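Asks: Got a file for you: input.csv, CSV, N, CA and C atoms and all ligand atoms.
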```csv
chain,number,residue,atom,x,y,z
A,1,TRP,N,56.8,-16.3,70.7
A,1,TRP,CA,57.7,-15.3,71.3
A,1,TRP,C,56.9,-14.0,71.5
A,2,GLU,N,57.5,-13.1,72.3
A,2,GLU,CA,56.7,-11.9,72.8
A,2,GLU,C,56.2,-11.1,71.6
A,3,GLN,N,57.0,-10.9,70.5
A,3,GLN,CA,56.5,-10.1,69.4
A,3,GLN,C,55.2,-10.6,68.8
A,4,GLU,N,55.1,-12.0,68.8
A,4,GLU,CA,53.8,-12.6,68.3
A,4,GLU,C,52.6,-12.2,69.1
A,5,GLU,N,52.8,-12.2,70.4
A,5,GLU,CA,51.7,-11.8,71.3
A,5,GLU,C,51.4,-10.3,71.1
A,6,ASP,N,52.4,-9.5,70.8
A,6,ASP,CA,52.2,-8.1,70.5
A,6,ASP,C,51.3,-7.9,69.3
A,7,VAL,N,51.6,-8.7,68.3
A,7,VAL,CA,50.8,-8.7,67.0
A,7,VAL,C,49.4,-9.1,67.3
A,8,LEU,N,49.2,-10.1,68.0
A,8,LEU,CA,47.8,-10.6,68.3
A,8,LEU,C,47.1,-9.6,69.2
A,9,ARG,N,47.8,-9.0,70.1
A,9,ARG,CA,47.1,-7.9,70.9
A,9,ARG,C,46.7,-6.8,70.0
A,10,ASP,N,47.5,-6.4,69.0
A,10,ASP,CA,47.1,-5.3,68.1
A,10,ASP,C,45.9,-5.8,67.2
A,11,LEU,N,45.9,-7.1,66.9
A,11,LEU,CA,44.8,-7.6,66.1
A,11,LEU,C,43.5,-7.4,66.9
A,12,ARG,N,43.5,-7.8,68.2
A,12,ARG,CA,42.3,-7.6,69.1
A,12,ARG,C,41.9,-6.2,69.1
A,13,LEU,N,42.8,-5.3,69.3
A,13,LEU,CA,42.5,-3.8,69.3
A,13,LEU,C,41.8,-3.4,68.0
A,14,PHE,N,42.4,-3.8,66.9
A,14,PHE,CA,41.8,-3.5,65.6
A,14,PHE,C,40.4,-4.1,65.5
A,15,LEU,N,40.2,-5.3,65.8
A,15,LEU,CA,38.9,-6.0,65.7
A,15,LEU,C,37.9,-5.3,66.6
A,16,ARG,N,38.3,-4.9,67.9
A,16,ARG,CA,37.4,-4.2,68.8
A,16,ARG,C,37.0,-2.9,68.1
A,17,GLY,N,37.9,-2.3,67.4
A,17,GLY,CA,37.6,-1.0,66.8
A,17,GLY,C,36.6,-1.1,65.7
A,18,VAL,N,36.7,-2.2,64.9
A,18,VAL,CA,35.7,-2.5,63.9
A,18,VAL,C,34.3,-2.6,64.5
A,19,THR,N,34.3,-3.6,65.5
A,19,THR,CA,33.0,-4.0,66.1
A,19,THR,C,32.4,-2.8,66.9
A,20,GLU,N,33.2,-2.1,67.6
A,20,GLU,CA,32.6,-1.0,68.4
A,20,GLU,C,32.1,0.2,67.5
A,21,SER,N,32.8,0.4,66.4
A,21,SER,CA,32.3,1.4,65.4
A,21,SER,C,30.9,1.1,64.9
A,22,LEU,N,30.6,-0.2,64.8
A,22,LEU,CA,29.3,-0.6,64.4
A,22,LEU,C,28.2,-0.6,65.5
A,23,MET,N,28.7,-1.0,66.7
A,23,MET,CA,27.8,-1.1,67.9
A,23,MET,C,27.2,0.2,68.2
A,24,VAL,N,27.9,1.3,68.0
A,24,VAL,CA,27.4,2.7,68.4
A,24,VAL,C,26.4,3.2,67.4
A,25,GLU,N,26.2,2.5,66.3
A,25,GLU,CA,25.2,3.0,65.3
A,25,GLU,C,23.8,2.5,65.6
A,26,ARG,N,22.9,3.4,65.8
A,26,ARG,CA,21.5,3.0,66.2
A,26,ARG,C,20.9,2.1,65.2
A,27,ARG,N,21.2,2.3,63.9
A,27,ARG,CA,20.6,1.4,62.8
A,27,ARG,C,21.0,0.0,62.9
A,28,PHE,N,22.1,-0.3,63.7
A,28,PHE,CA,22.6,-1.6,63.8
A,28,PHE,C,22.2,-2.2,65.2
A,29,LYS,N,21.3,-1.5,65.9
A,29,LYS,CA,20.9,-2.0,67.2
A,29,LYS,C,20.4,-3.4,67.2
A,30,ILE,N,19.6,-3.7,66.1
A,30,ILE,CA,19.0,-5.1,66.0
A,30,ILE,C,20.1,-6.2,65.9
A,31,PHE,N,21.3,-5.8,65.5
A,31,PHE,CA,22.4,-6.8,65.4
A,31,PHE,C,23.3,-6.8,66.6
A,32,SER,N,23.0,-5.9,67.6
A,32,SER,CA,24.0,-5.8,68.7
A,32,SER,C,23.9,-6.8,69.8
A,33,LYS,N,22.8,-7.5,69.9
A,33,LYS,CA,22.7,-8.6,70.9
A,33,LYS,C,22.1,-9.8,70.3
A,34,PRO,N,22.3,-11.0,70.9
A,34,PRO,CA,21.7,-12.2,70.4
A,34,PRO,C,20.1,-12.1,70.2
A,35,VAL,N,19.5,-12.7,69.2
A,35,VAL,CA,18.1,-12.6,69.0
A,35,VAL,C,17.4,-13.3,70.3
A,36,ASP,N,16.4,-12.6,70.8
A,36,ASP,CA,15.7,-13.1,72.0
A,36,ASP,C,14.7,-14.2,71.5
A,37,ILE,N,15.0,-15.4,71.9
A,37,ILE,CA,14.1,-16.5,71.4
A,37,ILE,C,12.7,-16.4,72.0
A,38,GLU,N,12.5,-15.7,73.1
A,38,GLU,CA,11.1,-15.5,73.6
A,38,GLU,C,10.4,-14.7,72.5
A,39,GLU,N,11.1,-13.6,72.0
A,39,GLU,CA,10.4,-12.7,71.1
A,39,GLU,C,10.3,-13.3,69.7
A,40,VAL,N,11.3,-14.2,69.3
A,40,VAL,CA,11.3,-14.7,67.9
A,40,VAL,C,11.5,-16.2,68.0
A,41,PRO,N,10.4,-17.0,68.4
A,41,PRO,CA,10.5,-18.4,68.8
A,41,PRO,C,11.1,-19.3,67.7
A,42,ASP,N,10.9,-19.0,66.4
A,42,ASP,CA,11.3,-19.9,65.4
A,42,ASP,C,12.7,-19.6,64.9
A,43,TYR,N,13.4,-18.6,65.5
A,43,TYR,CA,14.6,-18.1,64.9
A,43,TYR,C,15.7,-19.2,64.8
A,44,LEU,N,15.8,-20.0,65.9
A,44,LEU,CA,16.9,-21.1,65.9
A,44,LEU,C,16.5,-22.3,65.0
A,45,MET,N,15.2,-22.3,64.6
A,45,MET,CA,14.9,-23.4,63.6
A,45,MET,C,15.4,-23.0,62.2
A,46,VAL,N,15.4,-21.7,62.0
A,46,VAL,CA,15.9,-21.2,60.6
A,46,VAL,C,17.4,-21.0,60.6
A,47,ILE,N,17.9,-20.3,61.6
A,47,ILE,CA,19.3,-19.9,61.6
A,47,ILE,C,20.1,-20.8,62.5
A,48,LYS,N,21.0,-21.6,61.8
A,48,LYS,CA,21.8,-22.6,62.5
A,48,LYS,C,23.0,-22.0,63.3
A,49,LYS,N,23.6,-20.9,62.8
A,49,LYS,CA,24.7,-20.3,63.6
A,49,LYS,C,24.4,-18.8,63.8
A,50,PRO,N,23.7,-18.5,64.9
A,50,PRO,CA,23.4,-17.1,65.2
A,50,PRO,C,24.7,-16.4,65.6
A,51,MET,N,24.7,-15.1,65.3
A,51,MET,CA,25.9,-14.3,65.6
A,51,MET,C,25.4,-12.8,65.8
A,52,ASP,N,26.1,-12.1,66.6
A,52,ASP,CA,25.7,-10.7,66.9
A,52,ASP,C,27.0,-9.9,67.3
A,53,LEU,N,26.9,-8.6,67.4
A,53,LEU,CA,28.1,-7.8,67.6
A,53,LEU,C,28.6,-8.0,69.0
A,54,SER,N,27.8,-8.2,70.0
A,54,SER,CA,28.3,-8.4,71.4
A,54,SER,C,29.0,-9.8,71.5
A,55,THR,N,28.5,-10.8,70.8
A,55,THR,CA,29.2,-12.1,70.8
A,55,THR,C,30.6,-12.0,70.1
A,56,LEU,N,30.7,-11.1,69.0
A,56,LEU,CA,32.0,-10.9,68.4
A,56,LEU,C,33.0,-10.3,69.4
A,57,LEU,N,32.5,-9.4,70.2
A,57,LEU,CA,33.4,-8.7,71.2
A,57,LEU,C,33.9,-9.8,72.2
A,58,THR,N,32.9,-10.6,72.7
A,58,THR,CA,33.3,-11.7,73.6
A,58,THR,C,34.3,-12.6,73.0
A,59,ASN,N,34.1,-13.0,71.7
A,59,ASN,CA,35.1,-13.9,71.0
A,59,ASN,C,36.5,-13.2,71.0
A,60,ILE,N,36.5,-11.9,70.7
A,60,ILE,CA,37.8,-11.2,70.6
A,60,ILE,C,38.5,-11.3,71.9
A,61,ASP,N,37.7,-11.0,73.0
A,61,ASP,CA,38.3,-11.0,74.4
A,61,ASP,C,38.8,-12.4,74.7
A,62,GLU,N,38.2,-13.4,74.2
A,62,GLU,CA,38.6,-14.8,74.5
A,62,GLU,C,39.6,-15.3,73.5
A,63,HIS,N,40.2,-14.4,72.8
A,63,HIS,CA,41.3,-14.7,71.9
A,63,HIS,C,40.9,-15.7,70.8
A,64,LYS,N,39.6,-15.7,70.4
A,64,LYS,CA,39.2,-16.7,69.4
A,64,LYS,C,39.8,-16.4,68.0
A,65,TYR,N,40.1,-15.2,67.7
A,65,TYR,CA,40.6,-14.8,66.3
A,65,TYR,C,42.1,-14.6,66.2
A,66,THR,N,42.7,-15.3,65.3
A,66,THR,CA,44.2,-15.0,65.1
A,66,THR,C,44.4,-14.2,63.8
A,67,THR,N,43.3,-14.2,62.9
A,67,THR,CA,43.4,-13.4,61.7
A,67,THR,C,42.1,-12.7,61.5
A,68,VAL,N,42.2,-11.6,60.6
A,68,VAL,CA,41.0,-10.9,60.3
A,68,VAL,C,40.0,-11.7,59.6
A,69,GLY,N,40.5,-12.7,58.8
A,69,GLY,CA,39.6,-13.6,58.0
A,69,GLY,C,38.8,-14.4,59.0
A,70,GLU,N,39.3,-14.9,60.1
A,70,GLU,CA,38.5,-15.7,61.0
A,70,GLU,C,37.4,-14.8,61.6
A,71,PHE,N,37.8,-13.6,61.9
A,71,PHE,CA,36.8,-12.6,62.5
A,71,PHE,C,35.7,-12.4,61.4
A,72,LEU,N,36.1,-12.2,60.2
A,72,LEU,CA,35.1,-11.9,59.1
A,72,LEU,C,34.1,-13.0,58.9
A,73,GLU,N,34.6,-14.3,59.1
A,73,GLU,CA,33.7,-15.5,58.9
A,73,GLU,C,32.5,-15.3,59.9
A,74,ASP,N,32.8,-14.9,61.2
A,74,ASP,CA,31.7,-14.8,62.1
A,74,ASP,C,31.0,-13.5,61.9
A,75,ALA,N,31.6,-12.4,61.5
A,75,ALA,CA,30.9,-11.1,61.3
A,75,ALA,C,30.0,-11.2,60.2
A,76,GLU,N,30.4,-12.0,59.1
A,76,GLU,CA,29.5,-12.1,57.9
A,76,GLU,C,28.2,-12.9,58.3
A,77,LEU,N,28.3,-13.8,59.3
A,77,LEU,CA,27.1,-14.5,59.8
A,77,LEU,C,26.0,-13.5,60.2
A,78,ILE,N,26.4,-12.4,60.7
A,78,ILE,CA,25.3,-11.4,61.2
A,78,ILE,C,24.4,-11.0,60.1
A,79,TRP,N,25.1,-10.5,59.0
A,79,TRP,CA,24.2,-10.0,57.9
A,79,TRP,C,23.7,-11.1,57.1
A,80,LYS,N,24.4,-12.2,56.9
A,80,LYS,CA,23.8,-13.3,56.1
A,80,LYS,C,22.6,-13.9,56.8
A,81,ASN,N,22.7,-14.1,58.1
A,81,ASN,CA,21.6,-14.6,58.9
A,81,ASN,C,20.3,-13.7,58.7
A,82,ALA,N,20.6,-12.4,58.7
A,82,ALA,CA,19.5,-11.4,58.6
A,82,ALA,C,18.8,-11.5,57.3
A,83,LEU,N,19.6,-11.7,56.2
A,83,LEU,CA,19.0,-11.8,54.9
A,83,LEU,C,18.2,-13.1,54.8
A,84,GLU,N,18.7,-14.2,55.4
A,84,GLU,CA,18.1,-15.5,55.3
A,84,GLU,C,16.8,-15.5,56.1
A,85,TYR,N,16.8,-14.8,57.3
A,85,TYR,CA,15.6,-14.9,58.2
A,85,TYR,C,14.5,-13.9,57.7
A,86,ASN,N,14.9,-12.9,56.9
A,86,ASN,CA,14.0,-11.9,56.5
A,86,ASN,C,13.9,-11.8,55.0
A,87,PRO,N,13.4,-12.8,54.3
A,87,PRO,CA,13.4,-12.9,52.9
A,87,PRO,C,12.2,-12.2,52.2
A,88,ASP,N,11.1,-11.9,53.0
A,88,ASP,CA,9.8,-11.5,52.4
A,88,ASP,C,9.8,-10.1,51.9
A,89,SER,N,8.8,-9.8,51.2
A,89,SER,CA,8.7,-8.4,50.6
A,89,SER,C,8.0,-7.5,51.6
A,90,ASP,N,7.6,-8.0,52.7
A,90,ASP,CA,6.9,-7.0,53.7
A,90,ASP,C,7.9,-6.0,54.2
A,91,PRO,N,7.4,-4.8,54.6
A,91,PRO,CA,8.2,-3.7,54.9
A,91,PRO,C,9.3,-4.0,56.0
A,92,LEU,N,8.9,-4.8,57.0
A,92,LEU,CA,9.8,-5.0,58.1
A,92,LEU,C,11.0,-5.9,57.6
A,93,ASP,N,10.7,-6.9,56.8
A,93,ASP,CA,11.8,-7.7,56.2
A,93,ASP,C,12.7,-6.9,55.4
A,94,ARG,N,12.1,-6.0,54.5
A,94,ARG,CA,13.0,-5.2,53.7
A,94,ARG,C,13.9,-4.3,54.5
A,95,HIS,N,13.3,-3.7,55.5
A,95,HIS,CA,14.0,-2.8,56.4
A,95,HIS,C,15.2,-3.4,57.0
A,96,ILE,N,15.0,-4.7,57.5
A,96,ILE,CA,16.1,-5.4,58.2
A,96,ILE,C,17.1,-5.8,57.1
A,97,ARG,N,16.7,-6.1,55.9
A,97,ARG,CA,17.7,-6.5,54.9
A,97,ARG,C,18.5,-5.3,54.5
A,98,HIS,N,17.9,-4.1,54.4
A,98,HIS,CA,18.7,-2.9,54.1
A,98,HIS,C,19.7,-2.7,55.2
A,99,ARG,N,19.4,-2.9,56.5
A,99,ARG,CA,20.3,-2.7,57.5
A,99,ARG,C,21.4,-3.7,57.5
A,100,ALA,N,21.1,-5.0,57.1
A,100,ALA,CA,22.1,-6.0,57.0
A,100,ALA,C,23.1,-5.7,55.9
A,101,CYS,N,22.6,-5.1,54.8
A,101,CYS,CA,23.5,-4.7,53.7
A,101,CYS,C,24.4,-3.5,54.1
A,102,ALA,N,23.8,-2.6,54.9
A,102,ALA,CA,24.6,-1.5,55.4
A,102,ALA,C,25.7,-2.0,56.3
A,103,LEU,N,25.4,-3.0,57.1
A,103,LEU,CA,26.3,-3.6,58.1
A,103,LEU,C,27.5,-4.2,57.3
A,104,LYS,N,27.1,-5.0,56.3
A,104,LYS,CA,28.1,-5.7,55.4
A,104,LYS,C,29.1,-4.6,54.8
A,105,ASP,N,28.5,-3.5,54.2
A,105,ASP,CA,29.3,-2.5,53.6
A,105,ASP,C,30.2,-1.8,54.7
A,106,GLY,N,29.6,-1.5,55.8
A,106,GLY,CA,30.3,-0.9,56.9
A,106,GLY,C,31.6,-1.6,57.3
A,107,ILE,N,31.4,-3.0,57.5
A,107,ILE,CA,32.5,-3.8,57.9
A,107,ILE,C,33.6,-3.8,56.8
A,108,GLN,N,33.2,-4.0,55.6
A,108,GLN,CA,34.2,-4.1,54.5
A,108,GLN,C,34.9,-2.8,54.2
A,109,THR,N,34.2,-1.7,54.4
A,109,THR,CA,34.9,-0.4,54.1
A,109,THR,C,35.8,-0.1,55.3
A,110,PHE,N,35.4,-0.4,56.5
A,110,PHE,CA,36.3,-0.1,57.7
A,110,PHE,C,37.6,-0.9,57.5
A,111,ILE,N,37.5,-2.2,57.1
A,111,ILE,CA,38.7,-3.0,57.0
A,111,ILE,C,39.5,-2.6,55.8
A,112,ARG,N,38.9,-2.3,54.6
A,112,ARG,CA,39.7,-1.8,53.5
A,112,ARG,C,40.4,-0.5,53.8
A,113,ASP,N,39.8,0.4,54.5
A,113,ASP,CA,40.4,1.7,54.8
A,113,ASP,C,41.4,1.6,55.9
A,114,ARG,N,41.3,0.7,56.9
A,114,ARG,CA,42.0,0.8,58.1
A,114,ARG,C,43.0,-0.4,58.3
A,115,LEU,N,42.9,-1.5,57.6
A,115,LEU,CA,43.7,-2.6,57.9
A,115,LEU,C,45.0,-2.5,57.0
A,116,ASP,N,46.1,-2.6,57.7
A,116,ASP,CA,47.4,-2.6,57.0
A,116,ASP,C,47.6,-4.0,56.4
A,117,ARG,N,47.9,-4.1,55.1
A,117,ARG,CA,48.0,-5.5,54.5
A,117,ARG,C,49.2,-6.3,55.1
A,118,ASP,N,50.3,-5.6,55.4
A,118,ASP,CA,51.5,-6.3,55.9
A,118,ASP,C,51.1,-6.9,57.3
A,119,PHE,N,50.4,-6.1,58.1
A,119,PHE,CA,50.0,-6.5,59.4
A,119,PHE,C,49.1,-7.8,59.3
A,120,ALA,N,48.1,-7.7,58.3
A,120,ALA,CA,47.2,-8.8,58.1
A,120,ALA,C,48.0,-10.1,57.7
A,121,LYS,N,49.1,-9.9,56.9
A,121,LYS,CA,49.9,-11.0,56.5
A,121,LYS,C,50.6,-11.6,57.7
A,122,LEU,N,51.1,-10.8,58.5
A,122,LEU,CA,51.8,-11.2,59.7
A,122,LEU,C,50.9,-12.1,60.6
A,123,CYS,N,49.6,-11.7,60.7
A,123,CYS,CA,48.7,-12.5,61.5
A,123,CYS,C,48.5,-13.9,60.8
A,124,GLU,N,48.4,-13.9,59.5
A,124,GLU,CA,48.2,-15.2,58.8
A,124,GLU,C,49.4,-16.1,59.0
A,125,GLU,N,50.6,-15.5,59.0
A,125,GLU,CA,51.8,-16.3,59.2
A,125,GLU,C,51.9,-16.9,60.7
A,126,ILE,N,51.4,-16.1,61.6
A,126,ILE,CA,51.4,-16.6,63.0
A,126,ILE,C,50.4,-17.7,63.1
A,127,LYS,N,49.3,-17.6,62.4
A,127,LYS,CA,48.2,-18.7,62.5
A,127,LYS,C,48.8,-19.9,61.9
A,128,GLU,N,49.6,-19.8,60.8
A,128,GLU,CA,50.2,-21.1,60.2
A,128,GLU,C,51.2,-21.8,61.1
A,129,THR,N,51.8,-21.0,62.0
A,129,THR,CA,52.8,-21.7,62.9
A,129,THR,C,52.2,-22.3,64.1
A,130,ARG,N,50.8,-22.2,64.2
A,130,ARG,CA,50.2,-22.7,65.5
A,130,ARG,C,49.3,-23.9,65.3
B,201,LIG,C1,18.4,-10.1,63.9
B,201,LIG,C2,17.4,-10.4,62.8
B,201,LIG,O1,17.8,-10.6,61.7
B,201,LIG,C3,16.0,-10.3,63.1
B,201,LIG,C4,15.5,-10.1,64.4
B,201,LIG,S1,13.8,-10.1,64.3
B,201,LIG,C5,13.8,-10.3,62.6
B,201,LIG,N1,12.7,-10.5,61.8
B,201,LIG,C6,11.4,-10.4,62.3
B,201,LIG,O2,11.1,-10.2,63.4
B,201,LIG,C7,10.2,-10.6,61.4
B,201,LIG,C8,10.1,-9.6,60.2
B,201,LIG,N2,9.8,-10.8,59.3
B,201,LIG,C9,10.4,-11.7,60.4
B,201,LIG,N3,15.0,-10.4,62.2
```
Show the structure stored in the file as structure tokens.

Replies:
Amino acid sequence: WEQEEDVLRDLRLFLRGVTESLMVERRFKIFSKPVDIEEVPDYLMVIKKPMDLSTLLTNIDEHKYTTVGEFLEDAELIWKNALEYNPDSDPLDRHIRHRACALKDGIQTFIRDRLDRDFAKLCEEIKETR
């Protein structure tokens, strides 16, 4: 019914808000687009489920997410993949891991501070009826 579509539209607006607040930060530029396989040829051999901020936005626009939890499953891939692909002690790996941890904290703080729990519950209930 119409109210459900209103709730899911508000969810998309909220999730775009999270994603865009991260995309504007220069330190997260490395996470804003899919990894270029020409530049990093072995990336897909190591990382089975690539994810990036622009793909999150596309998924939102395509109504892929009915709950914040479904969005977080994909968003977490961004920083988990970065930790997995950059395990070494060399400075570049460490640098990317620091940014991955900053991304993780940024997502979780935005959601803790800005997501209304009753709204989140409403999205979960809509998901169960579908
Ligand atoms: C997005 C992401 O996690 C990424 C892109 S390039 C990269 N790592 C490197 O290029 C090398 C530094 N040691 C591997 N990580």

Asks: For ligand LIG 201 (chain B), return the neighbouring residues as a PyMOL selection string (distance at most 7 Å; all atoms listed in the file).

Replies: chain A and resi 30-31+34-36+40+78+81-83+85-88+92-93+96

Asks: Among chain A, which residues does DSSP mark as helix (DSSP H, G or I) when it is run on the backbone? Keep the chain and numbering as in the structure and answer as a ChimeraX atom specification.

Replies: /A:2-23,26-31,43-46,53-61,68-85,91-114,117-128

Asks: Show me, as a PyMOL selection string, the residues that have an atom within 12 Å of range 55-66 of chain A when counting only C-alpha atoms, minus same-chain residues fewer than 5 positions from it.

Replies: chain A and resi 4-23+31-35+49-50+71-78+119-130

Asks: Can you tell me how far atom N of Gly69 in chain A sits from atom C of Phe28 in chain A, in Å to one decimal?

Replies: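 One can read the atom N of Gly69 in chain A to atom C of Phe28 in chain A distance as 22.0 Å.
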
Asks: Which one of A:Leu115, A:Ile37, A:Leu53, A:Val46 sits closest to Glu84 in chain A if you count only N, CA and C atoms?

Replies: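 Ranking A:Leu115, A:Ile37, A:Leu53, A:Val46 by distance to Glu84 in chain A, first place goes to A:Val46.
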
Asks: In Å, rounded to a single decimal, give me how far CA of Trp79 in chain A is from atom C of Arg97 in chain A.

Replies: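 These atoms are spaced 8.1 Å apart.
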
Asks: Rounded to one decimal in Å, what is the spacing between atom C of Arg112 in chain A and CA of Ser54 in chain A?

Replies: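 Value for the atom C of Arg112 in chain A-CA of Ser54 in chain A distance: 22.8 Å.
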